[in-house]
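Reading through the structure tokens given below for one structure.
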Amino acid sequence: MPDTWNPTQYDKFQREREQPFFDLLSFIQPEPGMRVVDLGCGTGKLTRTLHERLGARETIGIDRSARMLETMRGADLPAGLTFDTGTIEEFPAARGTFDLVFSNAAFHWVEHHDALLARLAGALAPNGQLAFQVPAQHDHPSHQTAEALTTTEPFRSALGGWHRPQPVLAPEAYARLLNRLGFANPVVHHVIYPHVLGSRDDVVEWMKGTLLTEYERHLPSDLFVQFVEEYRTRLLPQLEDTRPFFFPFNRILCWGRC
């Protein structure tokens with residue numbers, strides 16, 4: 001599959017994307033000399049902040065997109081901070097144990113969260129912490145419109161029956177799962193972030209940096225351009241035509257310590 005992630009497109013809404021990271025970071029209980037992994041770290045800018053705020057001994061940022069990691073690979077990094085290309089599905093792959101497994105807005109790309117969290121719990125050192133945040137926008141027209149297009153031609157034939165999975169659980173399901181895995185007093189917050197965008201057209205630009213990259217991976221380039229235009233045509237009438245445009249964004253933030 002091609003690497004369709006574009007750091008420039010992703011960073012168009014950098015300020016809006018960063019606040020959930022800092023909210024999740026506030027849950028973490030720092031310890032001296034922590035070994036940390038950031039799964040699905042994107043451009044790595046916030047991984048550096050994580051490493052420095054915690055004063056970690058070692059932090060590994062892992063992302064499946066080499067394009068997203070290009071800037072950090074050439075940067076002057078603080079001691080103990082490294083980046084690697086890899087998938088969440090492959091982790092931990094003999095990487096040892098960690099004092100903190102962290103992930104900000106990446107697990108919605110991975111299926112079977114019950115098995116995923118059990119595997120991540122197994123990668124924690126004694127008293128280790130798990131902290132993750134997942135977008136929960138799957139019921140919003142921005143997501144439902146893209147899925148509806150997969151059932152129409154010419155996209156249906158080109159996708160060969162592929163549909164984007166929807167693995168995100170309800171907040172209470174994450175709380176129950178963390179408890180079952182042995183995390184003491186897990187914290188699960190459902191937060192609605194009140195983003196104010198220039199117009200409803202900006203929702204398409206937002207999705208081009210995240211959601212639509214997955215459809216781009218499965219479509220020929222010329223057909224993906226057509227997909228985005230049809231997506232825009234169908235989505236915009238479902239959104240209020242106001243300037244500025246209010247874009248409430250649902251996210252689930254989870255933390256636990258074993």
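Note on naming: chains are A, B, ... as they come in the structure tokens, residues start from 1 per chain, ligands start from 1 in the order shown.
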* To do: Find the spatial neighbours of Val134 (chain A), counting only C-alpha atoms, within a cut-off of 6 Å - ignore same-chain residues fewer than 4 positions away - and output them as a PyMOL selection string.
  => chain A and resi 105+108+251-252
* **Selection: 12 Å around region 123-127 of chain A, only C-alpha atoms, excl. self and same-chain fewer than 6 positions, as a ChimeraX atom specification** => /A:29-31,34-37,91-102,116-117,181-184,256-258
Can you spit out the residues from that selection as a PDB file, in the first residue's frame, using C-alpha atoms?
```pdb
ATOM      1  CA  GLN A  29       2.171  10.103  36.659  1.00  0.00           C
ATOM      2  CA  PRO A  30       5.856  10.853  35.944  1.00  0.00           C
ATOM      3  CA  GLU A  31       8.566   8.621  37.394  1.00  0.00           C
ATOM      4  CA  MET A  34      10.943   6.230  32.405  1.00  0.00           C
ATOM      5  CA  ARG A  35      11.110   4.125  29.250  1.00  0.00           C
ATOM      6  CA  VAL A  36       8.341   5.335  26.937  1.00  0.00           C
ATOM      7  CA  VAL A  37       6.885   4.380  23.565  1.00  0.00           C
ATOM      8  CA  PHE A  91       4.247  -3.844  18.494  1.00  0.00           C
ATOM      9  CA  PRO A  92       5.929  -4.843  20.814  1.00  0.00           C
ATOM     10  CA  ALA A  93       7.957  -7.175  18.511  1.00  0.00           C
ATOM     11  CA  ALA A  94      10.710  -7.950  21.045  1.00  0.00           C
ATOM     12  CA  ARG A  95      11.192  -4.327  22.103  1.00  0.00           C
ATOM     13  CA  GLY A  96      11.180  -5.147  25.805  1.00  0.00           C
ATOM     14  CA  THR A  97       8.930  -3.601  28.440  1.00  0.00           C
ATOM     15  CA  PHE A  98       7.964   0.041  28.955  1.00  0.00           C
ATOM     16  CA  ASP A  99       7.007   2.247  31.865  1.00  0.00           C
ATOM     17  CA  LEU A 100       4.546   4.048  29.608  1.00  0.00           C
ATOM     18  CA  VAL A 101       2.772   2.982  26.435  1.00  0.00           C
ATOM     19  CA  PHE A 102       1.287   6.146  24.942  1.00  0.00           C
ATOM     20  CA  LEU A 116      -4.863  -4.689  21.243  1.00  0.00           C
ATOM     21  CA  LEU A 117      -5.117  -3.430  24.821  1.00  0.00           C
ATOM     22  CA  LEU A 181      -6.918  -6.205  32.325  1.00  0.00           C
ATOM     23  CA  GLY A 182      -5.924  -5.297  35.884  1.00  0.00           C
ATOM     24  CA  PHE A 183      -5.513  -1.533  35.668  1.00  0.00           C
ATOM     25  CA  ALA A 184      -6.212   0.062  39.030  1.00  0.00           C
ATOM     26  CA  GLY A 256      -4.585   3.197  33.578  1.00  0.00           C
ATOM     27  CA  ARG A 257      -1.767   1.941  35.774  1.00  0.00           C
ATOM     28  CA  CYS A 258      -1.164  -1.758  36.292  1.00  0.00           C
TER      29      CYS A 258
END
```
* To do: Name the residues of region 53-200 of chain A that fall into strand (DSSP E or B) according to DSSP on the backbone, using the chain letters and numbers of this document, as JSON, numbers by chain.
  => {"A": [58, 59, 60, 61, 62, 63, 81, 82, 83, 84, 85, 98, 99, 100, 101, 102, 103, 104, 124, 125, 126, 127, 128, 129, 130, 131, 132, 133, 134, 135, 184, 185, 186, 187, 188, 189, 190, 191, 192, 193, 194, 195, 196, 197]}
Any chance you could export the current selection's C-alpha atoms as a PDB file, in the first residue's frame?
```pdb
ATOM      1  CA  GLU A  58      14.276   6.698  26.640  1.00  0.00           C
ATOM      2  CA  THR A  59      11.370   7.436  24.304  1.00  0.00           C
ATOM      3  CA  ILE A  60      10.696   5.620  21.038  1.00  0.00           C
ATOM      4  CA  GLY A  61       8.269   7.181  18.554  1.00  0.00           C
ATOM      5  CA  ILE A  62       6.792   4.669  16.127  1.00  0.00           C
ATOM      6  CA  ASP A  63       4.685   5.461  13.053  1.00  0.00           C
ATOM      7  CA  LEU A  81      14.631  10.155  21.852  1.00  0.00           C
ATOM      8  CA  THR A  82      14.503   8.018  18.710  1.00  0.00           C
ATOM      9  CA  PHE A  83      12.013   7.303  15.936  1.00  0.00           C
ATOM     10  CA  ASP A  84      11.252   4.176  13.978  1.00  0.00           C
ATOM     11  CA  THR A  85       8.915   3.144  11.166  1.00  0.00           C
ATOM     12  CA  PHE A  98       7.964   0.041  28.955  1.00  0.00           C
ATOM     13  CA  ASP A  99       7.007   2.247  31.865  1.00  0.00           C
ATOM     14  CA  LEU A 100       4.546   4.048  29.608  1.00  0.00           C
ATOM     15  CA  VAL A 101       2.772   2.982  26.435  1.00  0.00           C
ATOM     16  CA  PHE A 102       1.287   6.146  24.942  1.00  0.00           C
ATOM     17  CA  SER A 103      -0.816   6.774  21.859  1.00  0.00           C
ATOM     18  CA  ASN A 104      -2.514   9.951  20.726  1.00  0.00           C
ATOM     19  CA  LEU A 124       4.243  -2.793  30.466  1.00  0.00           C
ATOM     20  CA  ALA A 125       6.798  -3.067  33.224  1.00  0.00           C
ATOM     21  CA  PRO A 126       5.486  -3.451  36.817  1.00  0.00           C
ATOM     22  CA  ASN A 127       3.490  -0.316  37.751  1.00  0.00           C
ATOM     23  CA  GLY A 128       3.564   0.709  34.103  1.00  0.00           C
ATOM     24  CA  GLN A 129       1.032   3.093  32.598  1.00  0.00           C
ATOM     25  CA  LEU A 130      -1.106   2.964  29.473  1.00  0.00           C
ATOM     26  CA  ALA A 131      -2.471   6.230  28.075  1.00  0.00           C
ATOM     27  CA  PHE A 132      -4.307   6.599  24.780  1.00  0.00           C
ATOM     28  CA  GLN A 133      -6.744   8.869  23.014  1.00  0.00           C
ATOM     29  CA  VAL A 134      -9.024   7.891  20.131  1.00  0.00           C
ATOM     30  CA  PRO A 135     -11.260  10.053  17.947  1.00  0.00           C
ATOM     31  CA  ALA A 184      -6.212   0.062  39.030  1.00  0.00           C
ATOM     32  CA  ASN A 185      -8.695   2.961  38.991  1.00  0.00           C
ATOM     33  CA  PRO A 186      -8.727   3.479  35.220  1.00  0.00           C
ATOM     34  CA  VAL A 187      -9.671   6.919  33.931  1.00  0.00           C
ATOM     35  CA  VAL A 188     -11.899   7.223  30.851  1.00  0.00           C
ATOM     36  CA  HIS A 189     -13.099  10.630  29.653  1.00  0.00           C
ATOM     37  CA  HIS A 190     -15.428  11.341  26.739  1.00  0.00           C
ATOM     38  CA  VAL A 191     -14.574  14.874  25.655  1.00  0.00           C
ATOM     39  CA  ILE A 192     -16.183  17.019  22.967  1.00  0.00           C
ATOM     40  CA  TYR A 193     -13.637  19.528  21.655  1.00  0.00           C
ATOM     41  CA  PRO A 194     -15.300  22.721  20.368  1.00  0.00           C
ATOM     42  CA  HIS A 195     -13.295  23.507  17.233  1.00  0.00           C
ATOM     43  CA  VAL A 196     -14.145  26.677  15.331  1.00  0.00           C
ATOM     44  CA  LEU A 197     -13.113  26.488  11.672  1.00  0.00           C
TER      45      LEU A 197
END
```
* Identify, on the basis of only C-alpha atoms, every residue whose closest approach to Thr145 (chain A) does not exceed 8 Å; exclude the query and any residue fewer than 5 positions from it along the same chain; express the result as a VMD selection string. => chain A and resid 231 234 to 235
Near Gln144 (chain A), within 12 Å and counting only C-alpha atoms, which residues show up once chain neighbours fewer than 5 positions away are dropped, as a PDB file with N, CA and C atoms, in the first residue's frame?
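Written out: part20.pdb:
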```
ATOM      1  N   GLN A 137     -15.534   9.918  16.025  1.00  0.00           N
ATOM      2  CA  GLN A 137     -16.370  10.682  15.097  1.00  0.00           C
ATOM      3  C   GLN A 137     -17.093   9.798  14.087  1.00  0.00           C
ATOM      4  N   HIS A 138     -17.114   8.484  14.321  1.00  0.00           N
ATOM      5  CA  HIS A 138     -17.623   7.558  13.308  1.00  0.00           C
ATOM      6  C   HIS A 138     -19.096   7.757  12.986  1.00  0.00           C
ATOM      7  N   ASP A 139     -19.859   8.409  13.877  1.00  0.00           N
ATOM      8  CA  ASP A 139     -21.272   8.668  13.602  1.00  0.00           C
ATOM      9  C   ASP A 139     -21.506  10.031  12.948  1.00  0.00           C
ATOM     10  N   LEU A 149     -19.952   6.299   0.108  1.00  0.00           N
ATOM     11  CA  LEU A 149     -19.395   6.328  -1.250  1.00  0.00           C
ATOM     12  C   LEU A 149     -18.776   4.993  -1.653  1.00  0.00           C
ATOM     13  N   THR A 150     -18.367   4.185  -0.693  1.00  0.00           N
ATOM     14  CA  THR A 150     -17.762   2.893  -1.027  1.00  0.00           C
ATOM     15  C   THR A 150     -18.775   1.930  -1.638  1.00  0.00           C
ATOM     16  N   THR A 151     -20.065   2.254  -1.534  1.00  0.00           N
ATOM     17  CA  THR A 151     -21.108   1.378  -2.095  1.00  0.00           C
ATOM     18  C   THR A 151     -21.588   1.862  -3.457  1.00  0.00           C
ATOM     19  N   HIS A 163     -14.049  -1.945   2.916  1.00  0.00           N
ATOM     20  CA  HIS A 163     -14.699  -0.896   3.691  1.00  0.00           C
ATOM     21  C   HIS A 163     -13.781  -0.555   4.856  1.00  0.00           C
ATOM     22  N   ARG A 164     -13.739   0.709   5.217  1.00  0.00           N
ATOM     23  CA  ARG A 164     -12.905   1.093   6.341  1.00  0.00           C
ATOM     24  C   ARG A 164     -13.513   0.566   7.630  1.00  0.00           C
ATOM     25  N   PRO A 165     -12.760  -0.207   8.414  1.00  0.00           N
ATOM     26  CA  PRO A 165     -13.279  -0.734   9.680  1.00  0.00           C
ATOM     27  C   PRO A 165     -13.597   0.389  10.662  1.00  0.00           C
ATOM     28  N   GLN A 166     -14.495   0.096  11.593  1.00  0.00           N
ATOM     29  CA  GLN A 166     -14.811   1.045  12.665  1.00  0.00           C
ATOM     30  C   GLN A 166     -14.611   0.320  13.992  1.00  0.00           C
ATOM     31  N   LEU A 211      -8.812  10.979   7.826  1.00  0.00           N
ATOM     32  CA  LEU A 211      -9.732   9.932   7.381  1.00  0.00           C
ATOM     33  C   LEU A 211      -9.550   9.544   5.919  1.00  0.00           C
ATOM     34  N   LEU A 212      -9.500  10.530   5.024  1.00  0.00           N
ATOM     35  CA  LEU A 212      -9.494  10.232   3.603  1.00  0.00           C
ATOM     36  C   LEU A 212      -8.189   9.615   3.123  1.00  0.00           C
ATOM     37  N   TYR A 231     -17.250  13.317  -2.437  1.00  0.00           N
ATOM     38  CA  TYR A 231     -17.360  13.433  -0.977  1.00  0.00           C
ATOM     39  C   TYR A 231     -17.741  14.862  -0.589  1.00  0.00           C
ATOM     40  N   ARG A 234     -21.390  15.705  -1.502  1.00  0.00           N
ATOM     41  CA  ARG A 234     -22.379  15.072  -0.626  1.00  0.00           C
ATOM     42  C   ARG A 234     -22.328  15.589   0.809  1.00  0.00           C
ATOM     43  N   LEU A 235     -21.115  15.887   1.289  1.00  0.00           N
ATOM     44  CA  LEU A 235     -20.959  16.253   2.696  1.00  0.00           C
ATOM     45  C   LEU A 235     -21.429  17.673   2.996  1.00  0.00           C
ATOM     46  N   GLN A 238     -24.858  18.709   4.203  1.00  0.00           N
ATOM     47  CA  GLN A 238     -25.254  18.169   5.501  1.00  0.00           C
ATOM     48  C   GLN A 238     -24.748  19.014   6.669  1.00  0.00           C
TER      49      GLN A 238
END
```
* Within 12 Å of Pro154 (chain A) using only C-alpha atoms, minus same-chain residues under 2 positions, as JSON, numbers by chain -> {"A": [149, 150, 151, 152, 156, 157, 158, 159, 160, 161, 219, 220, 222, 223, 224, 226, 227, 230]}
Those same residues, written as a PDB file, in the first residue's frame with C-alpha atoms?
```pdb
ATOM      1  CA  LEU A 149     -19.395   6.328  -1.250  1.00  0.00           C
ATOM      2  CA  THR A 150     -17.762   2.893  -1.027  1.00  0.00           C
ATOM      3  CA  THR A 151     -21.108   1.378  -2.095  1.00  0.00           C
ATOM      4  CA  THR A 152     -21.422   3.506  -5.267  1.00  0.00           C
ATOM      5  CA  ARG A 156     -17.300   0.110  -5.265  1.00  0.00           C
ATOM      6  CA  SER A 157     -15.584  -1.865  -8.029  1.00  0.00           C
ATOM      7  CA  ALA A 158     -12.227  -0.151  -7.556  1.00  0.00           C
ATOM      8  CA  LEU A 159     -12.264  -0.885  -3.815  1.00  0.00           C
ATOM      9  CA  GLY A 160     -13.057  -4.550  -4.432  1.00  0.00           C
ATOM     10  CA  GLY A 161     -15.373  -4.848  -1.457  1.00  0.00           C
ATOM     11  CA  LEU A 219      -7.935   3.836  -4.815  1.00  0.00           C
ATOM     12  CA  PRO A 220      -6.029   4.744  -7.995  1.00  0.00           C
ATOM     13  CA  ASP A 222      -7.197   9.681 -10.527  1.00  0.00           C
ATOM     14  CA  LEU A 223     -10.175   7.947  -8.953  1.00  0.00           C
ATOM     15  CA  PHE A 224      -9.299   9.276  -5.505  1.00  0.00           C
ATOM     16  CA  GLN A 226     -13.031  11.994  -8.072  1.00  0.00           C
ATOM     17  CA  PHE A 227     -13.812  10.401  -4.691  1.00  0.00           C
ATOM     18  CA  GLU A 230     -18.002  13.516  -4.729  1.00  0.00           C
TER      19      GLU A 230
END
```
* Please give the complete set of residues from region 59-226 of chain A that DSSP, run on the backbone, assigns to helix (DSSP H, G or I), formatted as a PyMOL selection string. => chain A and resi 66-73+107-109+113-121+141-149+155-159+171-180+201-208+211-217+221-226
